[in-house]
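So this block is query-v8.cif, mmCIF, C-alpha atoms:
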data_data
loop_
_atom_site.label_atom_id
_atom_site.label_comp_id
_atom_site.auth_asym_id
_atom_site.auth_seq_id
_atom_site.Cartn_x
_atom_site.Cartn_y
_atom_site.Cartn_z
CA MET A 808 -89.43 3.82 -54.49
CA ALA A 809 -91.06 6.89 -56.07
CA ARG A 810 -94.18 7.98 -54.18
CA ASN A 811 -97.36 8.96 -55.97
CA ALA A 812 -98.19 12.36 -54.45
CA ALA A 813 -101.90 11.79 -55.03
CA ARG A 814 -101.91 8.87 -52.61
CA PRO A 815 -102.59 9.66 -48.94
CA LEU A 816 -99.87 9.14 -46.32
CA SER A 817 -100.65 7.40 -43.06
CA PRO A 818 -100.70 9.83 -40.11
CA HIS A 819 -97.19 10.34 -38.73
CA LEU A 820 -95.54 11.94 -35.68
CA THR A 821 -96.74 15.47 -36.39
CA ILE A 822 -100.42 14.55 -36.23
CA TRP A 823 -100.64 12.61 -32.95
CA LYS A 824 -101.05 14.20 -29.53
CA TRP A 825 -97.77 13.70 -27.67
CA GLY A 826 -97.80 11.15 -24.88
CA PRO A 827 -95.15 9.71 -22.52
CA HIS A 828 -94.80 6.53 -24.59
CA MET A 829 -93.85 8.59 -27.67
CA ALA A 830 -91.45 10.71 -25.65
CA VAL A 831 -89.74 7.62 -24.22
CA SER A 832 -89.48 6.04 -27.65
CA ILE A 833 -87.74 9.04 -29.24
CA LEU A 834 -85.63 9.62 -26.10
CA HIS A 835 -84.40 6.03 -26.39
CA ARG A 836 -83.09 6.80 -29.86
CA ALA A 837 -81.72 10.25 -29.00
CA THR A 838 -79.92 9.05 -25.85
CA GLY A 839 -78.67 5.97 -27.69
CA ASN A 840 -77.14 8.21 -30.34
CA ALA A 841 -75.59 10.53 -27.76
CA LEU A 842 -74.02 7.58 -25.94
CA ALA A 843 -72.91 5.97 -29.22
CA PHE A 844 -71.04 9.02 -30.48
CA ALA A 845 -70.20 11.39 -27.59
CA GLY A 846 -69.78 8.49 -25.15
CA GLY A 847 -67.93 6.27 -27.61
CA VAL A 848 -65.49 9.00 -28.68
CA LEU A 849 -64.73 10.12 -25.10
CA PHE A 850 -64.21 6.52 -23.94
CA THR A 851 -61.88 5.73 -26.85
CA TRP A 852 -59.96 9.02 -26.52
CA TRP A 853 -59.48 8.33 -22.80
CA LEU A 854 -58.05 4.83 -23.49
CA ILE A 855 -55.82 5.91 -26.40
CA ALA A 856 -54.44 8.79 -24.32
CA ALA A 857 -53.74 6.49 -21.35
CA ALA A 858 -52.06 3.93 -23.63
CA THR A 859 -49.96 6.51 -25.51
CA SER A 860 -48.08 8.36 -22.78
CA GLU A 861 -48.45 10.38 -19.61
CA THR A 862 -48.20 13.57 -21.71
CA ALA A 863 -51.05 12.46 -24.00
CA TYR A 864 -53.12 11.49 -20.95
CA ASP A 865 -52.45 14.87 -19.31
CA ILE A 866 -53.98 16.64 -22.32
CA PHE A 867 -57.16 14.60 -21.86
CA TYR A 868 -57.06 15.05 -18.08
CA HIS A 869 -56.57 18.83 -18.21
CA LEU A 870 -59.25 19.39 -20.85
CA VAL A 871 -61.85 17.04 -19.33
CA VAL A 872 -61.25 16.35 -15.64
CA ALA A 873 -59.32 19.28 -14.13
CA GLY A 874 -57.18 21.95 -15.80
CA ALA A 875 -53.97 23.36 -14.37
CA PRO A 876 -54.46 26.59 -12.34
CA GLY A 877 -54.45 29.66 -14.61
CA ASP A 878 -55.27 27.63 -17.73
CA ASN A 879 -58.26 29.58 -19.08
CA VAL A 880 -58.91 27.24 -22.01
CA ALA A 881 -59.08 24.24 -19.70
CA ALA A 882 -61.34 26.18 -17.30
CA VAL A 883 -63.88 26.54 -20.13
CA THR A 884 -63.53 22.98 -21.43
CA ASN A 885 -63.84 21.63 -17.85
CA ILE A 886 -67.25 23.30 -17.55
CA LEU A 887 -68.28 21.96 -20.98
CA ALA A 888 -67.04 18.51 -19.96
CA ARG A 889 -69.19 18.64 -16.80
CA ILE A 890 -72.24 19.53 -18.93
CA VAL A 891 -71.46 16.70 -21.38
CA GLY A 892 -70.80 14.36 -18.44
CA ILE A 893 -74.12 15.16 -16.78
CA GLY A 894 -75.88 14.85 -20.15
CA LEU A 895 -74.27 11.46 -20.81
CA THR A 896 -75.12 10.26 -17.29
CA TRP A 897 -78.77 11.16 -17.83
CA SER A 898 -78.61 9.55 -21.31
CA LEU A 899 -77.18 6.37 -19.80
CA PHE A 900 -79.90 6.10 -17.14
CA GLN A 901 -82.68 7.02 -19.58
CA HIS A 902 -81.44 4.50 -22.17
CA LEU A 903 -80.94 1.88 -19.43
CA PHE A 904 -84.43 2.23 -17.93
CA SER A 905 -86.05 2.52 -21.34
CA GLY A 906 -84.09 -0.56 -22.42
CA LEU A 907 -85.33 -2.50 -19.37
CA ARG A 908 -88.85 -1.39 -20.32
CA HIS A 909 -88.22 -2.82 -23.79
CA PHE A 910 -87.28 -6.19 -22.25
CA VAL A 911 -90.66 -6.24 -20.52
CA LEU A 912 -92.45 -5.18 -23.73
CA ASP A 913 -90.55 -7.96 -25.59
CA THR A 914 -92.31 -10.53 -23.40
CA GLY A 915 -95.67 -9.13 -24.54
CA ALA A 916 -96.41 -7.47 -21.20
CA GLY A 917 -96.97 -3.79 -20.38
CA TYR A 918 -99.09 -2.76 -23.35
CA GLU A 919 -102.21 -1.87 -21.32
CA LEU A 920 -102.74 1.89 -21.70
CA LYS A 921 -102.31 2.79 -18.04
CA ALA A 922 -99.38 0.43 -17.39
CA ASN A 923 -97.62 1.55 -20.57
CA ARG A 924 -98.04 5.21 -19.61
CA ARG A 925 -96.95 4.62 -16.00
CA TRP A 926 -93.74 2.79 -16.93
CA ALA A 927 -92.93 5.32 -19.65
CA ILE A 928 -93.19 8.17 -17.12
CA LEU A 929 -91.20 6.21 -14.51
CA THR A 930 -88.22 5.75 -16.86
CA MET A 931 -87.99 9.55 -17.19
CA VAL A 932 -88.50 10.27 -13.49
CA GLY A 933 -85.95 7.59 -12.59
CA SER A 934 -83.30 8.82 -15.02
CA VAL A 935 -83.54 12.45 -13.81
CA LEU A 936 -83.53 11.43 -10.12
CA LEU A 937 -80.53 9.10 -10.45
CA THR A 938 -78.58 11.68 -12.46
CA LEU A 939 -79.20 14.32 -9.76
CA LEU A 940 -78.29 11.83 -7.04
CA LEU A 941 -75.08 10.66 -8.69
CA TRP A 942 -73.77 14.15 -9.55
CA SER A 943 -74.73 15.52 -6.13
CA ALA A 944 -72.67 12.71 -4.62
CA ILE A 945 -69.74 13.48 -6.97
CA PHE A 946 -69.78 17.21 -6.18
CA LEU A 947 -70.19 16.60 -2.43
CA ALA A 948 -67.27 14.15 -2.42
CA ARG A 949 -65.00 16.69 -4.17
CA HIS A 950 -65.81 19.72 -1.99
CA MET B 961 -92.46 -4.89 -52.13
CA GLY B 962 -91.61 -8.57 -52.27
CA THR B 963 -92.25 -10.32 -49.01
CA GLY B 964 -91.03 -13.66 -50.19
CA THR B 965 -92.18 -14.10 -53.76
CA ALA B 966 -89.58 -15.35 -56.20
CA ILE B 967 -89.40 -12.09 -58.16
CA GLY B 968 -89.15 -10.10 -54.93
CA ARG B 969 -86.17 -12.17 -53.86
CA VAL B 970 -84.52 -11.76 -57.25
CA ARG B 971 -84.85 -7.98 -56.93
CA GLY B 972 -83.45 -8.08 -53.42
CA LEU B 973 -86.62 -6.68 -51.91
CA GLY B 974 -87.67 -9.65 -49.83
CA SER B 975 -86.62 -10.73 -46.37
CA ALA B 976 -82.87 -11.16 -46.06
CA ARG B 977 -83.58 -13.65 -43.23
CA HIS B 978 -81.16 -11.84 -40.91
CA GLY B 979 -83.71 -9.77 -39.00
CA ALA B 980 -84.07 -12.10 -36.05
CA ARG B 981 -80.31 -12.42 -35.61
CA ALA B 982 -79.79 -8.64 -35.35
CA TRP B 983 -82.78 -8.40 -32.97
CA TRP B 984 -81.33 -11.14 -30.75
CA GLN B 985 -77.79 -9.72 -30.77
CA GLN B 986 -79.19 -6.31 -29.83
CA ARG B 987 -80.73 -7.85 -26.70
CA MET B 988 -77.72 -10.04 -25.88
CA THR B 989 -75.39 -7.04 -26.01
CA ALA B 990 -77.96 -4.99 -24.05
CA VAL B 991 -77.65 -7.48 -21.17
CA GLY B 992 -73.87 -7.41 -21.56
CA ASN B 993 -73.88 -3.61 -21.42
CA LEU B 994 -76.17 -3.63 -18.39
CA LEU B 995 -73.68 -5.70 -16.37
CA LEU B 996 -70.40 -4.37 -17.75
CA VAL B 997 -71.23 -0.66 -17.89
CA ALA B 998 -72.64 -0.85 -14.33
CA TRP B 999 -69.36 -2.43 -13.21
CA PHE B 1000 -67.37 0.22 -15.15
CA VAL B 1001 -69.24 3.21 -13.70
CA VAL B 1002 -69.04 1.90 -10.12
CA SER B 1003 -65.33 1.10 -10.57
CA LEU B 1004 -64.58 4.60 -11.86
CA LEU B 1005 -66.45 6.15 -8.93
CA LEU B 1006 -64.45 4.03 -6.48
CA LEU B 1007 -61.04 5.10 -7.87
CA PRO B 1008 -59.23 7.54 -5.56
CA ASN B 1009 -58.35 9.87 -8.47
CA TYR B 1010 -58.11 9.86 -12.29
CA GLU B 1011 -54.40 10.53 -12.73
CA HIS B 1012 -52.36 8.54 -15.24
CA ALA B 1013 -50.59 6.27 -12.75
CA THR B 1014 -53.88 5.34 -11.07
CA ILE B 1015 -55.55 4.46 -14.37
CA ILE B 1016 -52.56 2.40 -15.57
CA GLU B 1017 -52.36 0.46 -12.31
CA TRP B 1018 -56.12 -0.18 -12.31
CA LEU B 1019 -56.16 -1.27 -15.98
CA SER B 1020 -53.19 -3.62 -15.49
CA ALA B 1021 -55.20 -6.08 -13.41
CA PRO B 1022 -56.33 -9.07 -15.54
CA TRP B 1023 -59.93 -8.92 -14.31
CA VAL B 1024 -60.20 -5.23 -15.10
CA ALA B 1025 -58.55 -5.45 -18.53
CA THR B 1026 -60.67 -8.45 -19.54
CA ALA B 1027 -63.92 -6.89 -18.35
CA LEU B 1028 -63.11 -3.65 -20.15
CA ILE B 1029 -62.30 -5.49 -23.42
CA LEU B 1030 -65.62 -7.34 -23.15
CA MET B 1031 -67.38 -4.04 -22.43
CA ALA B 1032 -65.83 -2.41 -25.52
CA LEU B 1033 -66.97 -5.37 -27.67
CA SER B 1034 -70.49 -5.36 -26.22
CA VAL B 1035 -70.93 -1.57 -26.34
CA PHE B 1036 -69.61 -1.02 -29.87
CA TRP B 1037 -71.51 -4.03 -31.24
CA HIS B 1038 -74.71 -2.78 -29.57
CA LEU B 1039 -74.32 0.78 -30.86
CA ARG B 1040 -73.55 -0.48 -34.36
CA LEU B 1041 -76.84 -2.38 -34.44
CA GLY B 1042 -78.78 0.48 -32.82
CA VAL B 1043 -77.49 3.26 -35.05
CA GLN B 1044 -78.02 1.02 -38.09
CA VAL B 1045 -81.75 0.88 -37.28
CA MET B 1046 -81.79 4.66 -37.01
CA ILE B 1047 -80.01 5.09 -40.37
CA GLU B 1048 -82.45 2.68 -42.02
CA ASP B 1049 -85.38 4.68 -40.60
CA TYR B 1050 -84.19 8.23 -41.21
CA VAL B 1051 -81.62 8.27 -44.03
CA HIS B 1052 -83.44 8.11 -47.34
CA GLY B 1053 -82.00 7.36 -50.77
CA PRO B 1054 -79.70 4.41 -51.46
CA ALA B 1055 -76.46 6.43 -51.86
CA ALA B 1056 -76.80 8.38 -48.60
CA ARG B 1057 -77.93 5.24 -46.76
CA VAL B 1058 -75.03 3.10 -47.96
CA ALA B 1059 -72.57 5.93 -47.19
CA ALA B 1060 -74.01 6.30 -43.68
CA LEU B 1061 -73.86 2.53 -43.06
CA ILE B 1062 -70.23 2.39 -44.24
CA ALA B 1063 -69.34 5.34 -41.98
CA LEU B 1064 -71.09 3.67 -39.04
CA ASN B 1065 -69.22 0.40 -39.56
CA PHE B 1066 -65.87 2.20 -39.88
CA TYR B 1067 -66.59 4.18 -36.71
CA SER B 1068 -67.79 1.28 -34.56
CA VAL B 1069 -65.20 -1.27 -35.68
CA GLY B 1070 -62.39 1.31 -35.71
CA ALA B 1071 -63.16 2.73 -32.27
CA ALA B 1072 -63.59 -0.77 -30.79
CA ALA B 1073 -60.22 -1.84 -32.23
CA LEU B 1074 -58.48 1.29 -30.89
CA ALA B 1075 -60.05 0.88 -27.45
CA ILE B 1076 -59.17 -2.82 -27.21
CA PHE B 1077 -55.60 -2.34 -28.47
CA SER B 1078 -55.11 0.45 -25.91
CA ILE B 1079 -56.38 -1.75 -23.06
CA VAL B 1080 -54.11 -4.63 -24.14
CA LYS B 1081 -51.08 -2.36 -24.44
CA ILE B 1082 -51.63 -1.02 -20.91
CA ALA B 1083 -52.37 -4.47 -19.46
CA PHE B 1084 -49.19 -5.95 -20.97
CA GLY B 1085 -47.10 -3.22 -19.36
CA GLY B 1086 -46.50 -1.21 -22.52
CA VAL B 1087 -47.00 2.10 -20.69
CA GLN B 1088 -44.97 3.27 -17.71
CA GLY B 1089 -47.29 4.38 -14.89
#

Whole structure, structure tokens version:
Amino acid sequence: MARNAARPLSPHLTIWKWGPHMAVSILHRATGNALAFAGGVLFTWWLIAAATSETAYDIFYHLVVAGAPGDNVAAVTNILARIVGIGLTWSLFQHLFSGLRHFVLDTGAGYELKANRRWAILTMVGSVLLTLLLWSAIFLARH
Amino acid sequence: MGTGTAIGRVRGLGSARHGARAWWQQRMTAVGNLLLVAWFVVSLLLLPNYEHATIIEWLSAPWVATALILMALSVFWHLRLGVQVMIEDYVHGPAARVAALIALNFYSVGAAALAIFSIVKIAFGGVQG
């Protein structure tokens, strides 16, 4: 539909003061997208590689999990894979907690200003804490 | 915009009457993801290593293969619905929107099919561990 430029627009994102509820809303979309594409592609690549052959799986394994000693390319991609892995872990927890919050909102509860703000903040605190906890455990178990 | 008038429906601008179904499926698959992805992450963390033979042996168990197929269905269905909402909100213009929706459907259905075929091939012993 063509918009008449003389007509006023309703106030949008740029005009409101940012609050936790807005941050959680956009994070839900951003993390959902990250999981959908980065997560979906990695998951599918992993399965195709495993189902193709040991050689195909080794390419995935060396690039993502652990490269062979002296393999400089793999050394770089391993670090990138850790960053993506930590990012996807945080995305998963953020999307999970935010999704649980949506289940509560779906019932019509949690719209009071203070409760809404508190649960919005808690999804973010929870996702960062659990990501730190999980990756600390992974690094401690490996070293 | 037509919200249910006859002319609005003729022009395709009214309710398609599918909104509630997508909303419900989004929540059903969200619950599915909650259970299945939690199981998947814990299972991966409990594996002794991530070498080929370990993965093949793990994926060959009927419970594991079935749960992973269900997870692929639930996850790719959920992301298809979720990204569709995002395209409808942010991609403007009918040509770009239709192109984005086609790309999304090709990606989600294609990746789900590849993932499920791979799981089935491994589970039926098609790959030597």

Next on the checklist: Under the PyMOL selection byres ((chain B) within 10 of (chain A)), which residues of this model are included? Write them out as a ChimeraX atom specification.
Outcome noted: /B:961,987,990-991,993-994,997,1001,1005,1010-1013,1015-1016,1019,1032,1035-1036,1038-1040,1042-1043,1045-1046,1053,1067-1068,1070-1083,1085-1089

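Atom to atom, atom CA of A:Leu937 and atom CA of A:Phe900 stand 7.4 Å apart.
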
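For the pair atom CA of A:Arg924 and atom CA of A:Pro818, the separation is 21.2 Å.
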
Checklist entry - Can you tell me how far atom CA of B:Trp999 sits from atom CA of A:Val871, in Å to one decimal? => result 21.7 Å

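In terms of minimum interatomic distance to A:Leu849, A:Gly892 ranks closest within A:Gly892, A:Ser832, A:Ile822, A:Ser943, counting all atoms listed in the file.
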
Checklist entry - For B:Ala998, which residue among B:Arg971, B:His1052, B:Trp1023, B:Met1031 is the nearest when counting only C-alpha atoms? => result B:Met1031

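Of the listed residues (A:Ser817, A:Gly826, A:Asp878, A:Phe867), A:Gly826 comes nearest to A:Leu920; the distances count only C-alpha atoms.
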
Could the centre and edge lengths of an axis-aligned box, enclosing all atoms of stretch 928-934 of chain A in the file with 5 Å extra on each side, be given in Å to one decimal as lines of an AutoDock Vina configuration file?
center_x = -88.2
center_y = 8.0
center_z = -14.9
size_x = 19.9
size_y = 14.5
size_z = 14.6

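Proximity to B:Trp1037 was assessed for B:Ala966, B:Leu1007, B:Ala1056, B:Ala982 counting only C-alpha atoms; the smallest distance is recorded for B:Ala982.
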
Next on the checklist: Given the PyMOL selection byres ((chain A and resi 931) around 10) and the file above, list the residues it selects as an MDAnalysis selection string.
Outcome noted: chainID A and resid 827 830:831 834 897 900:902 904:905 926:930 932:936

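Nearest residue to B:Val1058 among B:Ser1003, B:Leu1030, B:Ser1020, B:Gln1044 is B:Gln1044, counting all atoms listed in the file.
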
Produce stretch 1005-1037 of chain B of the given structure as output with N, CA and C atoms, as a PDB file, in the first residue's frame.
ATOM      1  N   LEU B1005      26.814 -33.538  25.955  1.00  0.00           N
ATOM      2  CA  LEU B1005      27.776 -33.261  27.034  1.00  0.00           C
ATOM      3  C   LEU B1005      28.222 -34.557  27.719  1.00  0.00           C
ATOM      4  N   LEU B1006      27.357 -35.577  27.712  1.00  0.00           N
ATOM      5  CA  LEU B1006      27.696 -36.824  28.393  1.00  0.00           C
ATOM      6  C   LEU B1006      28.537 -37.762  27.523  1.00  0.00           C
ATOM      7  N   LEU B1007      28.651 -37.479  26.214  1.00  0.00           N
ATOM      8  CA  LEU B1007      29.460 -38.344  25.351  1.00  0.00           C
ATOM      9  C   LEU B1007      30.932 -38.223  25.742  1.00  0.00           C
ATOM     10  N   PRO B1008      31.670 -39.347  25.696  1.00  0.00           N
ATOM     11  CA  PRO B1008      33.086 -39.299  26.101  1.00  0.00           C
ATOM     12  C   PRO B1008      33.942 -38.470  25.143  1.00  0.00           C
ATOM     13  N   ASN B1009      33.619 -38.483  23.856  1.00  0.00           N
ATOM     14  CA  ASN B1009      34.335 -37.656  22.873  1.00  0.00           C
ATOM     15  C   ASN B1009      33.422 -37.484  21.658  1.00  0.00           C
ATOM     16  N   TYR B1010      33.890 -36.717  20.659  1.00  0.00           N
ATOM     17  CA  TYR B1010      33.045 -36.425  19.495  1.00  0.00           C
ATOM     18  C   TYR B1010      33.640 -36.987  18.212  1.00  0.00           C
ATOM     19  N   GLU B1011      34.364 -38.108  18.345  1.00  0.00           N
ATOM     20  CA  GLU B1011      34.938 -38.735  17.160  1.00  0.00           C
ATOM     21  C   GLU B1011      33.862 -39.510  16.399  1.00  0.00           C
ATOM     22  N   HIS B1012      34.181 -39.814  15.131  1.00  0.00           N
ATOM     23  CA  HIS B1012      33.186 -40.408  14.236  1.00  0.00           C
ATOM     24  C   HIS B1012      32.557 -41.677  14.805  1.00  0.00           C
ATOM     25  N   ALA B1013      33.407 -42.601  15.269  1.00  0.00           N
ATOM     26  CA  ALA B1013      32.899 -43.885  15.757  1.00  0.00           C
ATOM     27  C   ALA B1013      31.939 -43.692  16.934  1.00  0.00           C
ATOM     28  N   THR B1014      32.251 -42.750  17.805  1.00  0.00           N
ATOM     29  CA  THR B1014      31.397 -42.486  18.975  1.00  0.00           C
ATOM     30  C   THR B1014      30.029 -41.989  18.538  1.00  0.00           C
ATOM     31  N   ILE B1015      30.040 -41.041  17.583  1.00  0.00           N
ATOM     32  CA  ILE B1015      28.782 -40.453  17.108  1.00  0.00           C
ATOM     33  C   ILE B1015      27.919 -41.515  16.414  1.00  0.00           C
ATOM     34  N   ILE B1016      28.572 -42.342  15.571  1.00  0.00           N
ATOM     35  CA  ILE B1016      27.834 -43.378  14.832  1.00  0.00           C
ATOM     36  C   ILE B1016      27.202 -44.371  15.795  1.00  0.00           C
ATOM     37  N   GLU B1017      27.981 -44.790  16.794  1.00  0.00           N
ATOM     38  CA  GLU B1017      27.461 -45.766  17.763  1.00  0.00           C
ATOM     39  C   GLU B1017      26.285 -45.163  18.545  1.00  0.00           C
ATOM     40  N   TRP B1018      26.457 -43.910  18.977  1.00  0.00           N
ATOM     41  CA  TRP B1018      25.404 -43.234  19.744  1.00  0.00           C
ATOM     42  C   TRP B1018      24.130 -43.110  18.907  1.00  0.00           C
ATOM     43  N   LEU B1019      24.303 -42.667  17.631  1.00  0.00           N
ATOM     44  CA  LEU B1019      23.147 -42.416  16.766  1.00  0.00           C
ATOM     45  C   LEU B1019      22.469 -43.695  16.282  1.00  0.00           C
ATOM     46  N   SER B1020      23.134 -44.848  16.464  1.00  0.00           N
ATOM     47  CA  SER B1020      22.551 -46.099  15.982  1.00  0.00           C
ATOM     48  C   SER B1020      21.480 -46.642  16.912  1.00  0.00           C
ATOM     49  N   ALA B1021      21.443 -46.164  18.147  1.00  0.00           N
ATOM     50  CA  ALA B1021      20.424 -46.649  19.086  1.00  0.00           C
ATOM     51  C   ALA B1021      19.052 -46.111  18.676  1.00  0.00           C
ATOM     52  N   PRO B1022      18.025 -47.005  18.655  1.00  0.00           N
ATOM     53  CA  PRO B1022      16.686 -46.574  18.215  1.00  0.00           C
ATOM     54  C   PRO B1022      16.147 -45.363  18.971  1.00  0.00           C
ATOM     55  N   TRP B1023      16.332 -45.332  20.287  1.00  0.00           N
ATOM     56  CA  TRP B1023      15.810 -44.202  21.064  1.00  0.00           C
ATOM     57  C   TRP B1023      16.458 -42.897  20.636  1.00  0.00           C
ATOM     58  N   VAL B1024      17.770 -42.963  20.420  1.00  0.00           N
ATOM     59  CA  VAL B1024      18.508 -41.750  20.061  1.00  0.00           C
ATOM     60  C   VAL B1024      18.100 -41.278  18.674  1.00  0.00           C
ATOM     61  N   ALA B1025      18.083 -42.215  17.698  1.00  0.00           N
ATOM     62  CA  ALA B1025      17.745 -41.849  16.321  1.00  0.00           C
ATOM     63  C   ALA B1025      16.326 -41.273  16.253  1.00  0.00           C
ATOM     64  N   THR B1026      15.386 -41.918  16.944  1.00  0.00           N
ATOM     65  CA  THR B1026      13.997 -41.442  16.907  1.00  0.00           C
ATOM     66  C   THR B1026      13.873 -40.058  17.542  1.00  0.00           C
ATOM     67  N   ALA B1027      14.504 -39.885  18.696  1.00  0.00           N
ATOM     68  CA  ALA B1027      14.425 -38.582  19.367  1.00  0.00           C
ATOM     69  C   ALA B1027      15.048 -37.486  18.505  1.00  0.00           C
ATOM     70  N   LEU B1028      16.156 -37.834  17.818  1.00  0.00           N
ATOM     71  CA  LEU B1028      16.826 -36.817  17.006  1.00  0.00           C
ATOM     72  C   LEU B1028      16.002 -36.469  15.756  1.00  0.00           C
ATOM     73  N   ILE B1029      15.315 -37.473  15.182  1.00  0.00           N
ATOM     74  CA  ILE B1029      14.420 -37.190  14.042  1.00  0.00           C
ATOM     75  C   ILE B1029      13.288 -36.265  14.495  1.00  0.00           C
ATOM     76  N   LEU B1030      12.701 -36.580  15.658  1.00  0.00           N
ATOM     77  CA  LEU B1030      11.625 -35.730  16.182  1.00  0.00           C
ATOM     78  C   LEU B1030      12.140 -34.328  16.466  1.00  0.00           C
ATOM     79  N   MET B1031      13.379 -34.234  16.982  1.00  0.00           N
ATOM     80  CA  MET B1031      13.947 -32.912  17.263  1.00  0.00           C
ATOM     81  C   MET B1031      14.129 -32.125  15.968  1.00  0.00           C
ATOM     82  N   ALA B1032      14.623 -32.786  14.916  1.00  0.00           N
ATOM     83  CA  ALA B1032      14.816 -32.089  13.639  1.00  0.00           C
ATOM     84  C   ALA B1032      13.466 -31.575  13.123  1.00  0.00           C
ATOM     85  N   LEU B1033      12.422 -32.412  13.201  1.00  0.00           N
ATOM     86  CA  LEU B1033      11.093 -31.981  12.743  1.00  0.00           C
ATOM     87  C   LEU B1033      10.612 -30.781  13.548  1.00  0.00           C
ATOM     88  N   SER B1034      10.719 -30.876  14.882  1.00  0.00           N
ATOM     89  CA  SER B1034      10.205 -29.827  15.759  1.00  0.00           C
ATOM     90  C   SER B1034      10.984 -28.527  15.567  1.00  0.00           C
ATOM     91  N   VAL B1035      12.314 -28.637  15.508  1.00  0.00           N
ATOM     92  CA  VAL B1035      13.162 -27.444  15.397  1.00  0.00           C
ATOM     93  C   VAL B1035      12.949 -26.739  14.056  1.00  0.00           C
ATOM     94  N   PHE B1036      12.972 -27.508  12.954  1.00  0.00           N
ATOM     95  CA  PHE B1036      12.875 -26.847  11.647  1.00  0.00           C
ATOM     96  C   PHE B1036      11.461 -26.307  11.384  1.00  0.00           C
ATOM     97  N   TRP B1037      10.462 -26.986  11.938  1.00  0.00           N
ATOM     98  CA  TRP B1037       9.085 -26.477  11.823  1.00  0.00           C
ATOM     99  C   TRP B1037       8.963 -25.167  12.610  1.00  0.00           C
TER     100      TRP B1037
END
